[in-house]
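Student: I have a structure I would like to understand better, so I am pasting it below and will then ask my questions one at a time.
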Amino acid sequence: MTATAPPTAADERPTRAPARATHATLRTTRRRELGACGALMTPFFALLAIVFLIPVGTAIWLSFFGADEPGLGFGPERTVFIGLRSYAAVLTDPTFLSGLGSVALYCVLYIPLLVLCSLALALLLDSGVIRLRAWAQLGLFLPHAVPGIIAAIIWLYLYTPGLSPVIDLLAEGGITVDFLGFHAVVPSIVNIALWSNLGYNMVVFYAALQAVPREVVEASVVDGAGPMRCAVQIKTPLIRSSIVMVAMFTLIFALQLFTEPMLLNQSTPSVSARFSPSMYIFDAAFTRNTYSMAAAASVVLLLFTIVLSYAVTRWTSRVDARKEAA
């Protein structure tokens, strides 16, 4: 039998030294990765704080304070804590609630039209039916390059009786249309927004369709799927994430409706100075000088937007989960 001597401390040193070196290298690598992540994320968090967190915090702070003039209005104005009174005043104000209703109607009309029309145009471009696709994309995208206020002025000219050649042409055919009337003003605003944003969202959907594997489309054609069935049942489900994203962003921007009704307000009584929540905030801050109510309305609108966005996200996640389970 051969006796084996136990390892001594001198024999263990060479084994422990590489292990320590490996741990030190891993720690150094981890520090470098964390440093790189911090350097890359710092501009984002700085921009988030400047553009979102600080304004939101300021609005919340302003909503809890109001101006008070003691001595029957003859004393110096001072700022006092008013608690939730501004929120109660906003949520019980009929004009603010009617503004929410107007924006809700606008969203119900605008979002489905924008998503469906831009998706249909993108599918047409992707199918190859339309010739000169690059020129077609440019022509459809150009209205988005026009600033919103300029687009609203153009359409206001086309909506105004006595100025609009469209109204005169329809009158010659015996058709009388009041685009700025009480019942037609919301569809008129929808038309302005649709004209401005249709091309942009069409480009988003077209870019998503370009990422669809051609093998899948060719296989569906071999299986006998026609152009319409291929577009609806093959291509559209594959870009569902892009459709949800466009609908989400459109909802967020639609809730902030301001430019179009603010300009139309100068030409028709059908659009009041508080037609939308954003117009209500503008009127409260710069016409009535009640900054606490303006701040409270801003916070309410923000919470309303967050809740709706979260609801859409949860709904889409549940639909995806059901499809995967099936």
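We name chains A, B, ... following the order of the structure tokens; residues begin at 1 in each chain, and ligands are numbered from 1 as shown.
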Given only C-alpha atoms, how would the per-residue table for stretch 230-301 of chain A near stretch 104-127 of chain A read, listing every residue at most 8 Å away with its closest atom pair and distance in Å to one decimal, sorted by chain and number, as JSON lines?

Tutor:
```
{"residue": "A:Ala231", "atom": "CA", "partner": "A:Leu123", "partner_atom": "CA", "distance": 6.6}
{"residue": "A:Ile243", "atom": "CA", "partner": "A:Val115", "partner_atom": "CA", "distance": 7.3}
{"residue": "A:Val246", "atom": "CA", "partner": "A:Val115", "partner_atom": "CA", "distance": 7.3}
{"residue": "A:Ala247", "atom": "CA", "partner": "A:Ile111", "partner_atom": "CA", "distance": 6.7}
{"residue": "A:Thr250", "atom": "CA", "partner": "A:Ile111", "partner_atom": "CA", "distance": 6.6}
{"residue": "A:Leu251", "atom": "CA", "partner": "A:Cys107", "partner_atom": "CA", "distance": 6.9}
{"residue": "A:Ala254", "atom": "CA", "partner": "A:Cys107", "partner_atom": "CA", "distance": 6.3}
{"residue": "A:Leu255", "atom": "CA", "partner": "A:Cys107", "partner_atom": "CA", "distance": 7.6}
```

Student: Restrict the selected residues to C-alpha atoms and save them as an mmCIF file, in the first residue's frame.

Tutor:
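Contents of selection-v1.cif, freshly written:
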```cif
data_model
loop_
_atom_site.group_PDB
_atom_site.id
_atom_site.type_symbol
_atom_site.label_atom_id
_atom_site.label_comp_id
_atom_site.auth_asym_id
_atom_site.auth_seq_id
_atom_site.Cartn_x
_atom_site.Cartn_y
_atom_site.Cartn_z
ATOM 1 C CA ALA A 231 -54.128 40.493 -44.895
ATOM 2 C CA ILE A 243 -51.558 47.969 -33.318
ATOM 3 C CA VAL A 246 -50.506 52.866 -31.826
ATOM 4 C CA ALA A 247 -53.892 52.647 -30.093
ATOM 5 C CA THR A 250 -53.326 57.689 -29.792
ATOM 6 C CA LEU A 251 -55.472 57.417 -26.660
ATOM 7 C CA ALA A 254 -56.405 62.249 -27.740
ATOM 8 C CA LEU A 255 -57.102 62.880 -24.058
#
```

Student: Can you list, as a list in words, every residue of stretch 64-309 of chain A that DSSP puts in strand (DSSP E or B)?

Tutor: Phe65, Gly66, Ala67, Asp68, Arg78, Thr79, Val80 and Phe81 of chain A

Student: Can you work out which one of A:Thr25, A:Met228, A:Cys37, A:Ser292 has the shortest atom-to-atom distance to A:Gly83, counting only C-alpha atoms?

Tutor: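 Among A:Thr25, A:Met228, A:Cys37, A:Ser292, it is A:Ser292 that comes nearest to A:Gly83.
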
Student: Skip stretch 132-146 of chain A itself and residues of its chain fewer than 6 positions away, then list as a JSON list (two decimals) with C-alpha atoms, in the first residue's frame all residues within 8 Å of it, counting only C-alpha atoms.

Tutor:
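This is the output file result-v3.json:
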```json
[["chain", "number", "residue", "atom", "x", "y", "z"],
["A", 125, "LEU", "CA", -48.94, 49.30, -49.64],
["A", 195, "TRP", "CA", -55.90, 64.06, -41.75],
["A", 196, "SER", "CA", -52.83, 65.07, -39.74],
["A", 197, "ASN", "CA", -51.93, 61.71, -38.15],
["A", 198, "LEU", "CA", -53.09, 59.09, -40.64],
["A", 199, "GLY", "CA", -49.85, 59.03, -42.64],
["A", 200, "TYR", "CA", -47.58, 58.74, -39.60],
["A", 203, "VAL", "CA", -45.74, 54.32, -41.79]]
```

Student: Given only C-alpha atoms, how would the per-residue table for stretch 145-260 of chain A near stretch 298-312 of chain A read, listing every residue at most 9 Å away with its closest atom pair and distance in Å to one decimal, sorted by chain and number, as JSON lines?

Tutor:
```
{"residue": "A:Val244", "atom": "CA", "partner": "A:Val312", "partner_atom": "CA", "distance": 8.5}
{"residue": "A:Met248", "atom": "CA", "partner": "A:Ser309", "partner_atom": "CA", "distance": 6.6}
{"residue": "A:Phe249", "atom": "CA", "partner": "A:Ser309", "partner_atom": "CA", "distance": 8.9}
{"residue": "A:Leu251", "atom": "CA", "partner": "A:Ser309", "partner_atom": "CA", "distance": 7.9}
{"residue": "A:Ile252", "atom": "CA", "partner": "A:Thr305", "partner_atom": "CA", "distance": 6.4}
{"residue": "A:Leu255", "atom": "CA", "partner": "A:Thr305", "partner_atom": "CA", "distance": 7.1}
{"residue": "A:Gln256", "atom": "CA", "partner": "A:Leu301", "partner_atom": "CA", "distance": 8.5}
```

Student: Would you list the contacts of stretch 88-100 of chain A as a list in words, taking every protein, DNA or RNA residue within 8 Å and counting only C-alpha atoms, but skipping same-chain residues closer than 4 positions in sequence?

Tutor: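 Residues meeting the cut-off are Leu84, Ala104, Arg274, Phe275, Ser276, Pro277, Tyr280, Met293, Ala296 and Ala297 of chain A.
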
Student: Grab the atom CA of A:Leu257 to atom CA of A:Met202 distance for me, in Å with one decimal place.

Tutor: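 The value is 21.1 Å.
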
Student: I need the residue nearest A:Gly66 from this list: A:Ala321, A:Ala39, A:Leu263, A:Ala295. Use only C-alpha atoms for the distance.

Tutor: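 Comparing A:Ala321, A:Ala39, A:Leu263, A:Ala295 against A:Gly66, the winner is A:Ala295.
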
Student: So that I can see what lies close to stretch 164-181 of chain A, please list as number ranges by chain the residues with an atom at most 9 Å from it, counting only C-alpha atoms and leaving out residues fewer than 3 positions away in the same chain.

Tutor: A: 156-161, 184-188, 264, 267-271

Student: Go through stretch 108-301 of chain A and collect every residue that DSSP, computed from the backbone, puts in alpha helix (DSSP H); the answer should be as a PDB file with C-alpha atoms, in the first residue's frame.

Tutor:
```
ATOM      1  CA  VAL A 108     -64.660  56.756 -29.564  1.00  0.00           C
ATOM      2  CA  LEU A 109     -64.804  58.225 -33.081  1.00  0.00           C
ATOM      3  CA  TYR A 110     -61.149  59.048 -33.657  1.00  0.00           C
ATOM      4  CA  ILE A 111     -59.153  56.077 -32.346  1.00  0.00           C
ATOM      5  CA  PRO A 112     -60.950  53.271 -34.274  1.00  0.00           C
ATOM      6  CA  LEU A 113     -60.981  55.355 -37.465  1.00  0.00           C
ATOM      7  CA  LEU A 114     -57.286  56.182 -37.209  1.00  0.00           C
ATOM      8  CA  VAL A 115     -56.195  52.610 -36.435  1.00  0.00           C
ATOM      9  CA  LEU A 116     -58.390  50.969 -39.087  1.00  0.00           C
ATOM     10  CA  CYS A 117     -57.666  53.471 -41.879  1.00  0.00           C
ATOM     11  CA  SER A 118     -53.910  53.573 -41.293  1.00  0.00           C
ATOM     12  CA  LEU A 119     -53.792  49.768 -41.049  1.00  0.00           C
ATOM     13  CA  ALA A 120     -55.796  49.398 -44.281  1.00  0.00           C
ATOM     14  CA  LEU A 121     -53.439  51.767 -46.116  1.00  0.00           C
ATOM     15  CA  ALA A 122     -50.382  49.939 -44.772  1.00  0.00           C
ATOM     16  CA  LEU A 123     -51.799  46.581 -45.903  1.00  0.00           C
ATOM     17  CA  LEU A 124     -52.502  48.011 -49.357  1.00  0.00           C
ATOM     18  CA  LEU A 125     -48.936  49.299 -49.645  1.00  0.00           C
ATOM     19  CA  ASP A 126     -47.520  45.985 -48.426  1.00  0.00           C
ATOM     20  CA  SER A 127     -49.642  43.964 -50.850  1.00  0.00           C
ATOM     21  CA  ARG A 133     -45.135  52.967 -53.074  1.00  0.00           C
ATOM     22  CA  ALA A 134     -42.436  55.454 -52.046  1.00  0.00           C
ATOM     23  CA  TRP A 135     -44.376  58.366 -53.551  1.00  0.00           C
ATOM     24  CA  ALA A 136     -47.612  57.108 -52.005  1.00  0.00           C
ATOM     25  CA  GLN A 137     -45.965  56.957 -48.575  1.00  0.00           C
ATOM     26  CA  LEU A 138     -44.583  60.466 -49.019  1.00  0.00           C
ATOM     27  CA  GLY A 139     -47.950  61.862 -50.097  1.00  0.00           C
ATOM     28  CA  LEU A 140     -49.735  60.264 -47.145  1.00  0.00           C
ATOM     29  CA  PHE A 141     -47.038  61.322 -44.660  1.00  0.00           C
ATOM     30  CA  LEU A 142     -46.818  64.983 -45.732  1.00  0.00           C
ATOM     31  CA  PRO A 143     -49.916  66.140 -43.782  1.00  0.00           C
ATOM     32  CA  HIS A 144     -48.196  64.977 -40.574  1.00  0.00           C
ATOM     33  CA  ALA A 145     -45.349  67.373 -41.321  1.00  0.00           C
ATOM     34  CA  GLY A 148     -51.188  71.197 -35.910  1.00  0.00           C
ATOM     35  CA  ILE A 149     -52.227  74.832 -35.678  1.00  0.00           C
ATOM     36  CA  ILE A 150     -51.597  75.364 -39.411  1.00  0.00           C
ATOM     37  CA  ALA A 151     -53.675  72.290 -40.233  1.00  0.00           C
ATOM     38  CA  ALA A 152     -56.479  73.582 -37.996  1.00  0.00           C
ATOM     39  CA  ILE A 153     -56.406  76.965 -39.774  1.00  0.00           C
ATOM     40  CA  ILE A 154     -56.593  75.262 -43.180  1.00  0.00           C
ATOM     41  CA  TRP A 155     -59.578  73.164 -42.153  1.00  0.00           C
ATOM     42  CA  LEU A 156     -61.229  76.157 -40.433  1.00  0.00           C
ATOM     43  CA  TYR A 157     -61.128  77.931 -43.797  1.00  0.00           C
ATOM     44  CA  LEU A 158     -62.746  74.884 -45.422  1.00  0.00           C
ATOM     45  CA  TYR A 159     -65.398  74.699 -42.670  1.00  0.00           C
ATOM     46  CA  PRO A 165     -65.272  76.226 -51.710  1.00  0.00           C
ATOM     47  CA  VAL A 166     -66.323  72.807 -50.411  1.00  0.00           C
ATOM     48  CA  ILE A 167     -69.502  74.195 -48.798  1.00  0.00           C
ATOM     49  CA  ASP A 168     -70.281  76.203 -51.952  1.00  0.00           C
ATOM     50  CA  LEU A 169     -69.809  73.116 -54.121  1.00  0.00           C
ATOM     51  CA  LEU A 170     -72.096  71.056 -51.900  1.00  0.00           C
ATOM     52  CA  ALA A 171     -74.698  73.862 -51.898  1.00  0.00           C
ATOM     53  CA  GLU A 172     -74.796  73.787 -55.685  1.00  0.00           C
ATOM     54  CA  VAL A 185     -68.260  69.927 -34.611  1.00  0.00           C
ATOM     55  CA  VAL A 186     -66.802  66.776 -32.975  1.00  0.00           C
ATOM     56  CA  PRO A 187     -66.662  64.850 -36.318  1.00  0.00           C
ATOM     57  CA  SER A 188     -65.075  67.968 -37.845  1.00  0.00           C
ATOM     58  CA  ILE A 189     -62.346  67.938 -35.184  1.00  0.00           C
ATOM     59  CA  VAL A 190     -61.900  64.186 -35.740  1.00  0.00           C
ATOM     60  CA  ASN A 191     -61.407  64.871 -39.450  1.00  0.00           C
ATOM     61  CA  ILE A 192     -58.641  67.402 -38.748  1.00  0.00           C
ATOM     62  CA  ALA A 193     -56.773  65.021 -36.439  1.00  0.00           C
ATOM     63  CA  LEU A 194     -57.287  62.106 -38.819  1.00  0.00           C
ATOM     64  CA  TRP A 195     -55.897  64.061 -41.755  1.00  0.00           C
ATOM     65  CA  SER A 196     -52.830  65.068 -39.740  1.00  0.00           C
ATOM     66  CA  ASN A 197     -51.928  61.712 -38.155  1.00  0.00           C
ATOM     67  CA  LEU A 198     -53.087  59.088 -40.642  1.00  0.00           C
ATOM     68  CA  GLY A 199     -49.850  59.026 -42.638  1.00  0.00           C
ATOM     69  CA  TYR A 200     -47.583  58.744 -39.604  1.00  0.00           C
ATOM     70  CA  ASN A 201     -49.375  55.705 -38.180  1.00  0.00           C
ATOM     71  CA  MET A 202     -49.552  54.167 -41.642  1.00  0.00           C
ATOM     72  CA  VAL A 203     -45.741  54.323 -41.787  1.00  0.00           C
ATOM     73  CA  VAL A 204     -45.557  52.625 -38.353  1.00  0.00           C
ATOM     74  CA  PHE A 205     -47.790  49.769 -39.518  1.00  0.00           C
ATOM     75  CA  TYR A 206     -45.987  49.466 -42.857  1.00  0.00           C
ATOM     76  CA  ALA A 207     -42.633  49.160 -41.075  1.00  0.00           C
ATOM     77  CA  ALA A 208     -44.100  46.418 -38.860  1.00  0.00           C
ATOM     78  CA  LEU A 209     -45.433  44.584 -41.921  1.00  0.00           C
ATOM     79  CA  GLN A 210     -41.988  44.635 -43.498  1.00  0.00           C
ATOM     80  CA  ARG A 214     -42.162  36.361 -46.189  1.00  0.00           C
ATOM     81  CA  GLU A 215     -42.164  32.583 -45.766  1.00  0.00           C
ATOM     82  CA  VAL A 216     -45.334  32.801 -43.671  1.00  0.00           C
ATOM     83  CA  VAL A 217     -47.103  34.883 -46.294  1.00  0.00           C
ATOM     84  CA  GLU A 218     -45.970  32.602 -49.115  1.00  0.00           C
ATOM     85  CA  ALA A 219     -47.103  29.546 -47.192  1.00  0.00           C
ATOM     86  CA  SER A 220     -50.571  31.047 -46.693  1.00  0.00           C
ATOM     87  CA  VAL A 221     -50.802  31.785 -50.417  1.00  0.00           C
ATOM     88  CA  VAL A 222     -49.815  28.202 -51.231  1.00  0.00           C
ATOM     89  CA  PRO A 227     -55.240  38.626 -50.617  1.00  0.00           C
ATOM     90  CA  MET A 228     -57.997  39.716 -48.223  1.00  0.00           C
ATOM     91  CA  ARG A 229     -57.753  36.627 -46.037  1.00  0.00           C
ATOM     92  CA  THR A 236     -52.720  41.632 -39.007  1.00  0.00           C
ATOM     93  CA  PRO A 237     -52.327  39.189 -36.065  1.00  0.00           C
ATOM     94  CA  LEU A 238     -48.550  39.197 -36.567  1.00  0.00           C
ATOM     95  CA  ARG A 240     -50.787  43.029 -33.123  1.00  0.00           C
ATOM     96  CA  SER A 241     -48.204  44.542 -30.779  1.00  0.00           C
ATOM     97  CA  SER A 242     -47.787  47.519 -33.126  1.00  0.00           C
ATOM     98  CA  ILE A 243     -51.558  47.969 -33.318  1.00  0.00           C
ATOM     99  CA  VAL A 244     -51.820  48.026 -29.515  1.00  0.00           C
ATOM    100  CA  MET A 245     -48.933  50.500 -29.282  1.00  0.00           C
ATOM    101  CA  VAL A 246     -50.506  52.866 -31.826  1.00  0.00           C
ATOM    102  CA  ALA A 247     -53.892  52.647 -30.093  1.00  0.00           C
ATOM    103  CA  MET A 248     -52.276  53.332 -26.703  1.00  0.00           C
ATOM    104  CA  PHE A 249     -50.335  56.397 -27.844  1.00  0.00           C
ATOM    105  CA  THR A 250     -53.326  57.689 -29.792  1.00  0.00           C
ATOM    106  CA  LEU A 251     -55.472  57.417 -26.660  1.00  0.00           C
ATOM    107  CA  ILE A 252     -52.915  59.324 -24.585  1.00  0.00           C
ATOM    108  CA  PHE A 253     -52.643  62.150 -27.117  1.00  0.00           C
ATOM    109  CA  ALA A 254     -56.405  62.249 -27.740  1.00  0.00           C
ATOM    110  CA  THR A 259     -55.198  72.858 -30.477  1.00  0.00           C
ATOM    111  CA  GLU A 260     -58.102  72.145 -32.820  1.00  0.00           C
ATOM    112  CA  PRO A 261     -61.004  73.071 -30.499  1.00  0.00           C
ATOM    113  CA  MET A 262     -59.117  76.109 -29.177  1.00  0.00           C
ATOM    114  CA  LEU A 263     -58.843  77.504 -32.698  1.00  0.00           C
ATOM    115  CA  LEU A 264     -62.417  76.574 -33.642  1.00  0.00           C
ATOM    116  CA  PRO A 277     -60.129  69.124 -20.087  1.00  0.00           C
ATOM    117  CA  SER A 278     -57.029  70.779 -21.545  1.00  0.00           C
ATOM    118  CA  MET A 279     -59.069  73.841 -22.515  1.00  0.00           C
ATOM    119  CA  TYR A 280     -60.609  73.855 -19.030  1.00  0.00           C
ATOM    120  CA  ILE A 281     -57.101  73.885 -17.524  1.00  0.00           C
ATOM    121  CA  PHE A 282     -56.035  76.716 -19.829  1.00  0.00           C
ATOM    122  CA  ASP A 283     -59.142  78.748 -18.980  1.00  0.00           C
ATOM    123  CA  ALA A 284     -58.723  78.180 -15.230  1.00  0.00           C
ATOM    124  CA  ALA A 285     -55.060  79.184 -15.253  1.00  0.00           C
ATOM    125  CA  PHE A 286     -54.919  82.102 -17.711  1.00  0.00           C
ATOM    126  CA  TYR A 291     -54.058  78.121 -10.469  1.00  0.00           C
ATOM    127  CA  SER A 292     -55.085  75.633  -7.795  1.00  0.00           C
ATOM    128  CA  MET A 293     -58.083  74.508  -9.868  1.00  0.00           C
ATOM    129  CA  ALA A 294     -55.946  74.333 -12.998  1.00  0.00           C
ATOM    130  CA  ALA A 295     -53.390  72.192 -11.163  1.00  0.00           C
ATOM    131  CA  ALA A 296     -56.110  69.947  -9.713  1.00  0.00           C
ATOM    132  CA  ALA A 297     -57.684  69.476 -13.140  1.00  0.00           C
ATOM    133  CA  SER A 298     -54.241  68.604 -14.542  1.00  0.00           C
ATOM    134  CA  VAL A 299     -53.721  65.959 -11.859  1.00  0.00           C
ATOM    135  CA  VAL A 300     -57.209  64.519 -12.468  1.00  0.00           C
ATOM    136  CA  LEU A 301     -56.532  64.340 -16.211  1.00  0.00           C
TER     137      LEU A 301
END
```

Student: What is the atom CA of A:Phe64 to atom CA of A:Val103 distance in Å?

Tutor: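 That distance, rounded to one decimal, is 26.2 Å.
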